[in-house]
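Chemist: Got input-v8.pdb for you, PDB, C-alpha atoms:
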```
ATOM      1  CA  MET A  16       2.073  -0.657-282.209
ATOM      2  CA  ASN A  17       2.755   0.061-285.885
ATOM      3  CA  PRO A  18       4.066  -2.731-288.109
ATOM      4  CA  PRO A  19       7.707  -2.569-289.283
ATOM      5  CA  SER A  20       8.209  -0.352-292.318
ATOM      6  CA  ASN A  21       9.969  -3.058-294.349
ATOM      7  CA  PRO A  22       8.980  -6.483-293.014
ATOM      8  CA  PRO A  23      10.571  -9.530-294.635
ATOM      9  CA  LEU A  24       8.572 -11.186-297.380
ATOM     10  CA  PRO A  25       6.181 -13.829-296.038
ATOM     11  CA  HIS A  26       6.628 -17.524-296.738
ATOM     12  CA  ALA A  27       4.764 -20.744-296.031
ATOM     13  CA  LEU A  28       6.353 -23.060-293.471
ATOM     14  CA  GLY A  29       4.634 -26.150-294.851
ATOM     15  CA  PRO A  30       2.255 -27.348-297.551
ATOM     16  CA  VAL A  31      -1.382 -26.428-297.947
ATOM     17  CA  GLN A  32      -3.551 -28.975-296.130
ATOM     18  CA  CYS A  33      -7.238 -29.796-296.411
ATOM     19  CA  VAL A  34      -8.572 -29.715-292.854
ATOM     20  CA  TRP A  35     -12.232 -30.261-293.730
ATOM     21  CA  PRO A  36     -13.431 -31.670-297.090
ATOM     22  CA  ALA A  37     -16.831 -30.129-296.461
ATOM     23  CA  GLN A  38     -17.939 -29.841-300.116
ATOM     24  CA  ALA A  39     -19.394 -26.430-299.288
ATOM     25  CA  SER A  40     -21.529 -24.901-302.000
ATOM     26  CA  LEU A  41     -20.223 -21.465-301.025
ATOM     27  CA  GLY A  42     -17.762 -21.462-298.133
ATOM     28  CA  GLU A  43     -17.258 -17.993-296.629
ATOM     29  CA  GLY A  44     -17.311 -15.909-293.448
ATOM     30  CA  LEU A  45     -14.097 -17.095-291.760
ATOM     31  CA  CYS A  46     -13.660 -15.808-288.194
ATOM     32  CA  TRP A  47     -11.100 -17.044-285.658
ATOM     33  CA  SER A  48     -12.290 -17.115-282.033
ATOM     34  CA  GLU A  49      -9.404 -16.399-279.685
ATOM     35  CA  GLN A  50     -11.657 -17.107-276.708
ATOM     36  CA  HIS A  51     -12.658 -20.589-277.841
ATOM     37  CA  GLN A  52      -9.625 -21.335-280.037
ATOM     38  CA  LEU A  53     -11.733 -22.425-282.973
ATOM     39  CA  LEU A  54     -12.566 -21.272-286.451
ATOM     40  CA  TYR A  55     -16.091 -20.294-287.463
ATOM     41  CA  TRP A  56     -17.036 -20.343-291.127
ATOM     42  CA  VAL A  57     -20.204 -20.651-293.175
ATOM     43  CA  ASP A  58     -21.698 -22.304-296.237
ATOM     44  CA  ILE A  59     -23.937 -19.490-297.445
ATOM     45  CA  LEU A  60     -26.110 -21.393-299.892
ATOM     46  CA  GLN A  61     -26.539 -24.440-297.658
ATOM     47  CA  LYS A  62     -27.489 -22.052-294.823
ATOM     48  CA  ARG A  63     -24.961 -23.614-292.467
ATOM     49  CA  LEU A  64     -22.557 -22.331-289.827
ATOM     50  CA  HIS A  65     -19.512 -24.497-289.098
ATOM     51  CA  SER A  66     -16.902 -24.517-286.354
ATOM     52  CA  PHE A  67     -13.519 -26.279-286.443
ATOM     53  CA  SER A  68     -11.120 -26.874-283.545
ATOM     54  CA  PRO A  69      -7.509 -27.304-284.731
ATOM     55  CA  ALA A  70      -6.461 -28.734-281.361
ATOM     56  CA  SER A  71      -8.990 -31.569-281.271
ATOM     57  CA  GLY A  72     -10.134 -31.751-284.865
ATOM     58  CA  ALA A  73     -13.735 -31.395-283.655
ATOM     59  CA  GLN A  74     -16.260 -30.203-286.215
ATOM     60  CA  HIS A  75     -19.722 -28.832-285.506
ATOM     61  CA  SER A  76     -22.412 -27.535-287.857
ATOM     62  CA  TRP A  77     -25.701 -25.687-287.407
ATOM     63  CA  THR A  78     -28.394 -25.187-290.060
ATOM     64  CA  PHE A  79     -30.413 -21.955-290.339
ATOM     65  CA  ASP A  80     -33.689 -21.106-292.025
ATOM     66  CA  GLU A  81     -32.053 -18.585-294.337
ATOM     67  CA  GLU A  82     -28.645 -17.831-295.780
ATOM     68  CA  ILE A  83     -25.903 -16.952-293.257
ATOM     69  CA  SER A  84     -22.927 -15.158-294.737
ATOM     70  CA  ALA A  85     -20.636 -13.511-292.152
ATOM     71  CA  LEU A  86     -20.161 -13.289-288.400
ATOM     72  CA  ALA A  87     -18.312 -11.710-285.505
ATOM     73  CA  GLU A  88     -18.055 -12.557-281.832
ATOM     74  CA  ARG A  89     -19.712 -10.213-279.353
ATOM     75  CA  ALA A  90     -17.459  -8.320-276.940
ATOM     76  CA  GLY A  91     -19.880  -7.764-274.064
ATOM     77  CA  ALA A  92     -22.067 -10.853-274.273
ATOM     78  CA  PRO A  93     -21.801 -14.495-275.322
ATOM     79  CA  GLY A  94     -22.514 -15.616-278.844
ATOM     80  CA  LEU A  95     -22.249 -14.077-282.267
ATOM     81  CA  VAL A  96     -23.571 -11.314-284.463
ATOM     82  CA  VAL A  97     -24.251 -12.706-287.931
ATOM     83  CA  THR A  98     -25.472 -11.483-291.277
ATOM     84  CA  LEU A  99     -28.482 -13.411-292.527
ATOM     85  CA  ARG A 100     -30.171 -12.908-295.877
ATOM     86  CA  ARG A 101     -32.066  -9.788-294.778
ATOM     87  CA  GLY A 102     -29.862  -8.192-292.143
ATOM     88  CA  PHE A 103     -27.901  -8.405-288.902
ATOM     89  CA  ALA A 104     -28.891 -10.810-286.133
ATOM     90  CA  GLU A 105     -27.554 -12.246-282.889
ATOM     91  CA  TRP A 106     -27.259 -15.946-282.142
ATOM     92  CA  ASP A 107     -25.462 -18.061-279.543
ATOM     93  CA  PRO A 108     -23.988 -21.490-280.457
ATOM     94  CA  ALA A 109     -24.437 -22.429-276.787
ATOM     95  CA  GLU A 110     -28.211 -22.206-277.352
ATOM     96  CA  PRO A 111     -28.554 -23.950-280.718
ATOM     97  CA  ASP A 112     -32.308 -24.440-280.443
ATOM     98  CA  ALA A 113     -32.955 -20.712-280.125
ATOM     99  CA  ALA A 114     -33.785 -18.831-283.308
ATOM    100  CA  PRO A 115     -31.574 -15.909-284.340
ATOM    101  CA  ARG A 116     -32.889 -12.519-283.249
ATOM    102  CA  TYR A 117     -32.709  -9.767-285.837
ATOM    103  CA  LEU A 118     -30.964  -6.583-284.737
ATOM    104  CA  ALA A 119     -31.486  -4.631-287.960
ATOM    105  CA  GLN A 120     -33.091  -5.249-291.343
ATOM    106  CA  PRO A 121     -32.249  -2.395-293.741
ATOM    107  CA  GLU A 122     -35.194  -0.987-295.656
ATOM    108  CA  GLY A 123     -35.181  -0.629-299.414
ATOM    109  CA  GLU A 124     -33.138  -3.713-300.215
ATOM    110  CA  PRO A 125     -34.430  -5.433-303.401
ATOM    111  CA  PRO A 126     -35.962  -8.893-302.817
ATOM    112  CA  SER A 127     -33.287 -10.235-305.177
ATOM    113  CA  ASN A 128     -30.501  -9.078-302.849
ATOM    114  CA  ARG A 129     -28.888 -10.863-299.912
ATOM    115  CA  PHE A 130     -26.134 -10.062-297.447
ATOM    116  CA  ASN A 131     -22.686 -11.390-298.286
ATOM    117  CA  ASP A 132     -19.317 -10.715-296.667
ATOM    118  CA  GLY A 133     -18.681  -8.664-293.533
ATOM    119  CA  LYS A 134     -16.388  -7.893-290.627
ATOM    120  CA  CYS A 135     -15.995  -5.616-287.597
ATOM    121  CA  ASP A 136     -13.741  -2.569-287.533
ATOM    122  CA  ALA A 137     -11.389  -1.798-284.644
ATOM    123  CA  GLN A 138     -14.128   0.137-282.837
ATOM    124  CA  GLY A 139     -16.484  -2.866-282.843
ATOM    125  CA  ARG A 140     -18.829  -1.768-285.624
ATOM    126  CA  PHE A 141     -20.001  -4.541-287.953
ATOM    127  CA  TRP A 142     -19.737  -3.763-291.664
ATOM    128  CA  GLY A 143     -21.846  -6.004-293.914
ATOM    129  CA  GLY A 144     -22.342  -5.797-297.651
ATOM    130  CA  THR A 145     -25.338  -6.795-299.755
ATOM    131  CA  MET A 146     -25.306  -8.161-303.295
ATOM    132  CA  ASP A 147     -27.492  -9.273-306.157
ATOM    133  CA  PHE A 148     -28.209 -12.996-305.748
ATOM    134  CA  ALA A 149     -27.550 -13.395-309.500
ATOM    135  CA  CYS A 150     -24.270 -11.412-309.205
ATOM    136  CA  VAL A 151     -25.338  -9.117-312.068
ATOM    137  CA  ALA A 152     -27.318  -6.043-310.983
ATOM    138  CA  PRO A 153     -25.280  -3.319-309.168
ATOM    139  CA  SER A 154     -27.880  -3.250-306.397
ATOM    140  CA  GLY A 155     -25.604  -4.023-303.456
ATOM    141  CA  ARG A 156     -24.245  -1.619-300.884
ATOM    142  CA  TRP A 157     -22.519  -1.544-297.499
ATOM    143  CA  TYR A 158     -24.182  -1.154-294.105
ATOM    144  CA  ARG A 159     -22.618  -0.329-290.761
ATOM    145  CA  LEU A 160     -24.217  -1.768-287.634
ATOM    146  CA  ASP A 161     -23.172   0.137-284.518
ATOM    147  CA  PRO A 162     -23.136  -1.461-281.053
ATOM    148  CA  ASP A 163     -26.138   0.690-280.068
ATOM    149  CA  GLY A 164     -28.198  -0.971-282.832
ATOM    150  CA  THR A 165     -28.045   1.896-285.330
ATOM    151  CA  CYS A 166     -27.758   0.632-288.896
ATOM    152  CA  ALA A 167     -26.504   3.108-291.505
ATOM    153  CA  PRO A 168     -26.193   2.667-295.291
ATOM    154  CA  HIS A 169     -22.979   3.629-297.044
ATOM    155  CA  MET A 170     -21.270   2.923-300.367
ATOM    156  CA  ALA A 171     -23.628   1.644-303.096
ATOM    157  CA  GLY A 172     -23.553   0.350-306.657
ATOM    158  CA  TYR A 173     -22.006  -3.119-306.362
ATOM    159  CA  ALA A 174     -23.193  -6.389-307.878
ATOM    160  CA  VAL A 175     -21.063  -8.392-305.408
ATOM    161  CA  THR A 176     -19.587  -6.970-302.191
ATOM    162  CA  ASN A 177     -16.637  -8.647-300.470
ATOM    163  CA  GLY A 178     -14.176  -7.821-297.722
ATOM    164  CA  PRO A 179     -13.789  -5.553-295.933
ATOM    165  CA  THR A 180     -10.448  -5.162-294.228
ATOM    166  CA  TRP A 181      -8.462  -2.220-292.890
ATOM    167  CA  SER A 182      -4.897  -0.976-292.946
ATOM    168  CA  ALA A 183      -2.820  -1.590-289.833
ATOM    169  CA  ASP A 184      -3.349   1.994-288.657
ATOM    170  CA  GLY A 185      -7.102   1.803-289.337
ATOM    171  CA  ARG A 186      -7.027   4.866-291.588
ATOM    172  CA  THR A 187      -7.801   3.017-294.822
ATOM    173  CA  MET A 188     -10.730   0.689-295.463
ATOM    174  CA  PHE A 189     -10.458  -1.798-298.320
ATOM    175  CA  ILE A 190     -13.478  -3.344-300.039
ATOM    176  CA  ASN A 191     -13.769  -5.663-303.024
ATOM    177  CA  ASP A 192     -15.892  -4.818-306.048
ATOM    178  CA  THR A 193     -15.795  -8.457-307.075
ATOM    179  CA  ALA A 194     -17.886  -8.278-310.242
ATOM    180  CA  ARG A 195     -15.561  -5.611-311.666
ATOM    181  CA  GLY A 196     -12.435  -7.462-310.536
ATOM    182  CA  GLN A 197     -11.023  -4.691-308.394
ATOM    183  CA  VAL A 198     -10.047  -3.837-304.838
ATOM    184  CA  LEU A 199     -11.061  -0.354-303.713
ATOM    185  CA  ALA A 200      -9.550   1.777-300.939
ATOM    186  CA  CYS A 201     -11.292   4.480-298.893
ATOM    187  CA  ASP A 202      -9.961   6.912-296.342
ATOM    188  CA  TYR A 203     -11.509   5.833-293.034
ATOM    189  CA  ASP A 204     -12.406   7.953-290.006
ATOM    190  CA  GLY A 205     -12.294   5.494-287.114
ATOM    191  CA  ALA A 206     -13.857   7.957-284.690
ATOM    192  CA  SER A 207     -17.051   8.348-286.711
ATOM    193  CA  GLY A 208     -16.934   5.117-288.713
ATOM    194  CA  THR A 209     -17.231   7.057-291.955
ATOM    195  CA  PRO A 210     -15.471   5.968-295.167
ATOM    196  CA  GLY A 211     -14.424   8.396-297.855
ATOM    197  CA  ALA A 212     -15.058   7.974-301.564
ATOM    198  CA  PRO A 213     -13.775   4.603-302.853
ATOM    199  CA  ARG A 214     -10.818   4.757-305.223
ATOM    200  CA  ALA A 215      -9.239   2.057-307.377
ATOM    201  CA  TRP A 216      -6.382   0.364-305.532
ATOM    202  CA  LEU A 217      -5.758  -2.968-307.281
ATOM    203  CA  ARG A 218      -7.167  -4.752-310.310
ATOM    204  CA  LEU A 219      -6.513  -8.444-310.713
ATOM    205  CA  GLY A 220      -5.234  -9.334-314.151
ATOM    206  CA  ASP A 221      -3.483 -12.051-316.068
ATOM    207  CA  ARG A 222      -0.299 -13.549-314.682
ATOM    208  CA  GLU A 223       1.926 -15.537-317.004
ATOM    209  CA  GLY A 224      -0.990 -15.976-319.375
ATOM    210  CA  LYS A 225      -3.329 -17.435-316.754
ATOM    211  CA  GLY A 226      -6.411 -15.704-315.408
ATOM    212  CA  ASP A 227      -6.130 -14.488-311.839
ATOM    213  CA  GLY A 228      -9.860 -14.534-311.187
ATOM    214  CA  VAL A 229     -11.507 -11.771-309.171
ATOM    215  CA  PRO A 230     -11.001 -10.619-305.555
ATOM    216  CA  ASP A 231     -13.213 -12.240-302.923
ATOM    217  CA  GLY A 232     -12.645 -12.221-299.133
ATOM    218  CA  MET A 233      -9.482 -10.776-297.588
ATOM    219  CA  THR A 234      -7.660 -10.057-294.358
ATOM    220  CA  THR A 235      -4.772  -7.971-292.969
ATOM    221  CA  ASP A 236      -1.723  -9.404-291.217
ATOM    222  CA  ALA A 237       0.236  -7.970-288.286
ATOM    223  CA  ASP A 238       2.728  -6.366-290.690
ATOM    224  CA  GLY A 239      -0.092  -4.494-292.438
ATOM    225  CA  ARG A 240      -0.140  -6.550-295.643
ATOM    226  CA  LEU A 241      -3.362  -7.603-297.370
ATOM    227  CA  TRP A 242      -4.121 -11.261-298.161
ATOM    228  CA  ILE A 243      -6.732 -11.666-300.907
ATOM    229  CA  ALA A 244      -8.680 -14.770-301.955
ATOM    230  CA  HIS A 245      -9.037 -15.153-305.743
ATOM    231  CA  TRP A 246     -12.406 -16.459-306.959
ATOM    232  CA  GLY A 247     -11.612 -18.352-310.149
ATOM    233  CA  GLY A 248      -7.874 -17.910-309.602
ATOM    234  CA  SER A 249      -6.898 -20.947-307.464
ATOM    235  CA  CYS A 250      -4.826 -18.849-305.098
ATOM    236  CA  VAL A 251      -4.457 -16.397-302.243
ATOM    237  CA  THR A 252      -2.072 -13.488-302.758
ATOM    238  CA  CYS A 253      -0.325 -11.169-300.302
ATOM    239  CA  HIS A 254       0.051  -7.488-301.176
ATOM    240  CA  ASP A 255       1.825  -4.425-299.883
ATOM    241  CA  ALA A 256      -0.872  -2.169-298.420
ATOM    242  CA  GLY A 257       0.668   0.949-299.929
ATOM    243  CA  SER A 258       1.615   0.051-303.478
ATOM    244  CA  GLY A 259      -0.571  -3.023-303.928
ATOM    245  CA  ALA A 260       2.462  -4.957-305.182
ATOM    246  CA  GLU A 261       2.132  -8.725-304.941
ATOM    247  CA  LEU A 262       4.568 -10.112-302.371
ATOM    248  CA  TYR A 263       3.633 -13.779-302.120
ATOM    249  CA  ARG A 264       1.230 -16.308-303.634
ATOM    250  CA  ILE A 265      -0.289 -19.500-302.229
ATOM    251  CA  ALA A 266      -1.525 -21.915-304.898
ATOM    252  CA  LEU A 267      -4.512 -24.103-304.066
ATOM    253  CA  PRO A 268      -5.920 -27.273-305.693
ATOM    254  CA  VAL A 269      -9.341 -25.718-306.322
ATOM    255  CA  SER A 270     -10.370 -22.697-308.357
ATOM    256  CA  GLN A 271     -13.131 -20.934-306.405
ATOM    257  CA  ILE A 272     -11.243 -19.441-303.443
ATOM    258  CA  THR A 273     -13.582 -17.379-301.309
ATOM    259  CA  ASN A 274     -11.994 -16.112-298.098
ATOM    260  CA  CYS A 275      -8.983 -16.258-295.797
ATOM    261  CA  THR A 276      -8.155 -15.404-292.196
ATOM    262  CA  PHE A 277      -5.392 -16.031-289.683
ATOM    263  CA  GLY A 278      -5.961 -18.394-286.770
ATOM    264  CA  GLY A 279      -4.336 -20.843-284.420
ATOM    265  CA  ALA A 280      -2.891 -20.175-280.983
ATOM    266  CA  ASP A 281      -0.181 -17.917-282.438
ATOM    267  CA  LEU A 282      -2.291 -16.557-285.334
ATOM    268  CA  ARG A 283       0.269 -17.972-287.787
ATOM    269  CA  THR A 284      -2.007 -20.347-289.683
ATOM    270  CA  LEU A 285      -3.888 -19.007-292.692
ATOM    271  CA  TYR A 286      -7.289 -20.661-293.108
ATOM    272  CA  ILE A 287      -8.813 -20.578-296.581
ATOM    273  CA  SER A 288     -12.365 -21.388-297.692
ATOM    274  CA  SER A 289     -13.586 -22.425-301.127
ATOM    275  CA  ALA A 290     -16.739 -23.195-303.121
ATOM    276  CA  ARG A 291     -18.249 -25.719-305.517
ATOM    277  CA  ILE A 292     -20.941 -23.510-307.032
ATOM    278  CA  GLY A 293     -20.323 -22.585-310.648
ATOM    279  CA  LEU A 294     -18.257 -25.676-311.447
ATOM    280  CA  ASP A 295     -19.496 -28.161-314.038
ATOM    281  CA  ALA A 296     -19.192 -31.939-313.770
ATOM    282  CA  ALA A 297     -15.775 -32.049-315.437
ATOM    283  CA  GLN A 298     -14.413 -29.310-313.205
ATOM    284  CA  LEU A 299     -15.752 -31.008-310.082
ATOM    285  CA  ALA A 300     -14.135 -34.267-311.156
ATOM    286  CA  ALA A 301     -10.827 -32.429-311.584
ATOM    287  CA  GLN A 302     -11.263 -30.592-308.254
ATOM    288  CA  PRO A 303     -12.468 -33.188-305.730
ATOM    289  CA  LEU A 304     -11.635 -30.828-302.852
ATOM    290  CA  ALA A 305     -13.769 -27.965-304.166
ATOM    291  CA  GLY A 306     -15.709 -26.533-301.225
ATOM    292  CA  ALA A 307     -13.090 -27.644-298.683
ATOM    293  CA  LEU A 308     -11.517 -25.695-295.833
ATOM    294  CA  PHE A 309      -7.718 -25.448-296.138
ATOM    295  CA  SER A 310      -4.875 -24.310-293.905
ATOM    296  CA  VAL A 311      -1.245 -23.347-294.425
ATOM    297  CA  PRO A 312       1.348 -22.419-291.756
ATOM    298  CA  LEU A 313       3.131 -19.113-292.338
ATOM    299  CA  ASP A 314       6.163 -17.322-290.926
ATOM    300  CA  CYS A 315       4.057 -14.228-290.206
ATOM    301  CA  ALA A 316       1.132 -13.571-287.901
ATOM    302  CA  GLY A 317      -2.348 -12.217-288.381
ATOM    303  CA  LEU A 318      -4.343  -9.841-286.237
ATOM    304  CA  PRO A 319      -7.048 -10.856-283.736
ATOM    305  CA  ALA A 320     -10.548 -10.560-285.140
ATOM    306  CA  HIS A 321     -12.348  -7.457-283.882
ATOM    307  CA  ARG A 322     -15.449  -8.238-281.834
ATOM    308  CA  PHE A 323     -18.793  -6.517-282.082
ATOM    309  CA  GLY A 324     -19.074  -3.850-279.415
ATOM    310  CA  GLY A 325     -15.328  -3.168-279.105
TER     311      GLY A 325
END
```
Before anything else, please render the file you have as structure tokens.
Modeler:
Amino acid sequence: MNPPSNPPLPHALGPVQCVWPAQASLGEGLCWSEQHQLLYWVDILQKRLHSFSPASGAQHSWTFDEEISALAERAGAPGLVVTLRRGFAEWDPAEPDAAPRYLAQPEGEPPSNRFNDGKCDAQGRFWGGTMDFACVAPSGRWYRLDPDGTCAPHMAGYAVTNGPTWSADGRTMFINDTARGQVLACDYDGASGTPGAPRAWLRLGDREGKGDGVPDGMTTDADGRLWIAHWGGSCVTCHDAGSGAELYRIALPVSQITNCTFGGADLRTLYISSARIGLDAAQLAAQPLAGALFSVPLDCAGLPAHRFGG
């Protein structure tokens, strides 16, 4: 079903709340599990995977031997597919003592690179991006892991990769070139999983004299709008997927906003992750919730997270 052509502007139904003052060094990788009704998210630099149950308030954490940056549930088997520092792996929270099993480790990645953000498309392919650990060299690129285990390289030349997300009809793929402060759009062939050449779609700039930061993680809602986390901008913004026009803004009490996704039983709660890395002592004192997980109820719904394998 296509979203309405002119949906009403979104609005929050309540204040932003801190649901987990985790003090994450680099919170990321938000993924809502419809099956288990909980939110998965990660702290990349602390090499930790977290889960949060809104119904019970239960929190669980697992520590890995290397950085974990993004994840998706598996469609045909229990557990998760995750991106670790060097590639894609599978791991099951129900077997926490078992080590992750690599599915693919792309060749030719510089030792100074690591995987960062990622997500599955509607056909169950997992897209994961790599980046320079120092966030400087344009050595990162995107990889597509297919359910049959094939791993293919795609768009290259990024210092920091973030996203991706897709338009409601699946015909446009959006990725964030974070270091250059811009969101890129690509025509997307869902049948083959092939993106076209990236084109500039949105550049974050100053708003009322205040810096808007740079685009980090993002998601698409059921009306086809994009919600973008602003690293260094203390906010999440909602944009029209055609024009890129800003439709709504959620202000947050911390500056390093890293990702957002919809969750909850009705997919009407926006969960937002943040980070502490890069903040000096004075900034940390002014932002005691830096690295926390936040939530805000909205009058619009998100889309279920696509699972690996379809």
Chemist: Give as a ChimeraX atom specification the residues that the PyMOL selection byres ((chain A and resi 157-168) around 8) matches when applied to the coordinates above.
Modeler: /A:103,118-119,121,139-145,155-156,169-171,176,323-324
Chemist: Those residues you just picked out, can you put them in a file as a PDB file, in the frame of the given file with C-alpha atoms?
Modeler:
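Contents of result.pdb, as written:
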```
ATOM      1  CA  PHE A 103     -27.901  -8.405-288.902  1.00  0.00           C
ATOM      2  CA  LEU A 118     -30.964  -6.583-284.737  1.00  0.00           C
ATOM      3  CA  ALA A 119     -31.486  -4.631-287.960  1.00  0.00           C
ATOM      4  CA  PRO A 121     -32.249  -2.395-293.741  1.00  0.00           C
ATOM      5  CA  GLY A 139     -16.484  -2.866-282.843  1.00  0.00           C
ATOM      6  CA  ARG A 140     -18.829  -1.768-285.624  1.00  0.00           C
ATOM      7  CA  PHE A 141     -20.001  -4.541-287.953  1.00  0.00           C
ATOM      8  CA  TRP A 142     -19.737  -3.763-291.664  1.00  0.00           C
ATOM      9  CA  GLY A 143     -21.846  -6.004-293.914  1.00  0.00           C
ATOM     10  CA  GLY A 144     -22.342  -5.797-297.651  1.00  0.00           C
ATOM     11  CA  THR A 145     -25.338  -6.795-299.755  1.00  0.00           C
ATOM     12  CA  GLY A 155     -25.604  -4.023-303.456  1.00  0.00           C
ATOM     13  CA  ARG A 156     -24.245  -1.619-300.884  1.00  0.00           C
ATOM     14  CA  HIS A 169     -22.979   3.629-297.044  1.00  0.00           C
ATOM     15  CA  MET A 170     -21.270   2.923-300.367  1.00  0.00           C
ATOM     16  CA  ALA A 171     -23.628   1.644-303.096  1.00  0.00           C
ATOM     17  CA  THR A 176     -19.587  -6.970-302.191  1.00  0.00           C
ATOM     18  CA  PHE A 323     -18.793  -6.517-282.082  1.00  0.00           C
ATOM     19  CA  GLY A 324     -19.074  -3.850-279.415  1.00  0.00           C
TER      20      GLY A 324
END
```
Chemist: Pick out the residues sitting within 12 Å of Lys62 in chain A, and hand them over as a list in words; count only C-alpha atoms, and ignore anything fewer than 2 positions along from it in its own chain.
Modeler: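 Result of the neighbour search: Ala39, Ser40, Leu41, Gly42, Glu43, Gly44, Trp56, Val57, Asp58, Ile59, Leu60, Leu64, His65, Ser76, Trp77, Thr78, Phe79, Asp80, Glu81, Glu82, Ile83, Ser84, Ala85, Thr98, Leu99 and Arg100 of chain A.
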Chemist: So how far away is CA of Asp107 in chain A from CA of Leu53 in chain A, in Å?
Modeler: 14.8 Å
Chemist: Would you give me, as JSON lines, each residue of range 257-313 of chain A having an atom within 12 Å of an atom of range 191-213 of chain A, along with its shortest atom pair and that distance in Å to one decimal, using only C-alpha atoms and sorting by chain and residue number?
Modeler:
```
{"residue": "A:Gly257", "atom": "CA", "partner": "A:Ala200", "partner_atom": "CA", "distance": 10.3}
{"residue": "A:Ser258", "atom": "CA", "partner": "A:Ala200", "partner_atom": "CA", "distance": 11.6}
{"residue": "A:Gly259", "atom": "CA", "partner": "A:Val198", "partner_atom": "CA", "distance": 9.6}
{"residue": "A:Thr273", "atom": "CA", "partner": "A:Thr193", "partner_atom": "CA", "distance": 10.9}
{"residue": "A:Asn274", "atom": "CA", "partner": "A:Asn191", "partner_atom": "CA", "distance": 11.7}
```
Chemist: In Å, rounded to a single decimal, give me how far CA of Glu49 in chain A is from CA of Ser68 in chain A.
Modeler: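 Rounded to one decimal, the two atoms are 11.3 Å apart.
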Chemist: Determine the residue set returned by the PyMOL selection byres ((chain A and resi 234) around 7) for the present structure, and present it as a compact mmCIF listing (two decimals) with C-alpha atoms, keeping the file's coordinate frame.
Modeler:
```txt
# COMPACT_ATOMS: atom_id res chain seq x y z
CA THR A 180 -10.45 -5.16 -294.23
CA MET A 233 -9.48 -10.78 -297.59
CA THR A 235 -4.77 -7.97 -292.97
CA ASP A 236 -1.72 -9.40 -291.22
CA LEU A 241 -3.36 -7.60 -297.37
CA TRP A 242 -4.12 -11.26 -298.16
CA ILE A 243 -6.73 -11.67 -300.91
CA CYS A 275 -8.98 -16.26 -295.80
CA THR A 276 -8.15 -15.40 -292.20
```
Chemist: If we count only C-alpha atoms, what is near Leu308 in chain A at a cut-off of 8 Å, once residues fewer than 3 positions away on the same chain are taken out, given as a ChimeraX atom specification?
Modeler: /A:33-37,42,286-289
Chemist: Expressed in Å to a single decimal, how great is the separation between CA of Leu54 in chain A and CA of Asp147 in chain A?
Modeler: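 Rounded to one decimal, the two atoms are 27.5 Å apart.
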Chemist: For the structure provided, state which residues fall under the PyMOL selection byres ((chain A and resi 153) around 7), and present them as a ChimeraX atom specification.
Modeler: /A:151-152,154-155,172-174
Chemist: Between A:Gly91, A:Pro319, A:Pro69, A:Gly232, which has the minimum distance to Trp246 in chain A (counting all atoms listed in the file)?
Modeler: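 Counting all atoms listed in the file, the residue closest to Trp246 in chain A is A:Gly232.
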Chemist: Once 8 Å is added on each side, what centre and edge lengths in Å to one decimal does the axis-aligned box around all listed atoms of range 163-167 of chain A have, as lines of an AutoDock Vina configuration file?
Modeler:
```
center_x = -27.2
center_y = 1.1
center_z = -285.8
size_x = 18.1
size_y = 20.1
size_z = 27.4
```
Chemist: Using all atoms listed in the file, can you tell me which of A:His321, A:Ser270, A:Leu217, A:Arg283 comes closest to Ala301 in chain A?
Modeler: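 Among the listed residues, A:Ser270 lies closest to Ala301 in chain A.
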Chemist: Rank nothing, just name the residue among A:Ile190, A:Leu282, A:Val31, A:Ala215 nearest to Val251 in chain A, using only C-alpha atoms.
Modeler: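 Of all the options, A:Val31 lies closest to Val251 in chain A.
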Chemist: Choose the residue, out of A:Gly239, A:Gly278, A:Pro312, A:Gly247, that has the smallest atom-to-atom separation from Gly226 in chain A; count only C-alpha atoms.
Modeler: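 The answer is A:Gly247, which sits nearest to Gly226 in chain A.
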Chemist: Go through A:Ala290, A:Ile265, A:Ala183, A:Leu95 and flag the residue nearest Lys134 in chain A, using only C-alpha atoms for the distances.
Modeler: A:Leu95
Chemist: What's around Ser182 in chain A at 9 Å? Count all atoms listed in the file, leave out sequence neighbours fewer than 3 positions away in its own chain, and write the answer as a ChimeraX atom specification.
Modeler: /A:185-189,235,239-241,256
Chemist: Using all atoms listed in the file for the distances, tell me which of A:Val311, A:Cys135, A:Leu219, A:Ala27 is nearest to Ala260 in chain A.
Modeler: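 Among the listed residues, the smallest separation from Ala260 in chain A belongs to A:Leu219.
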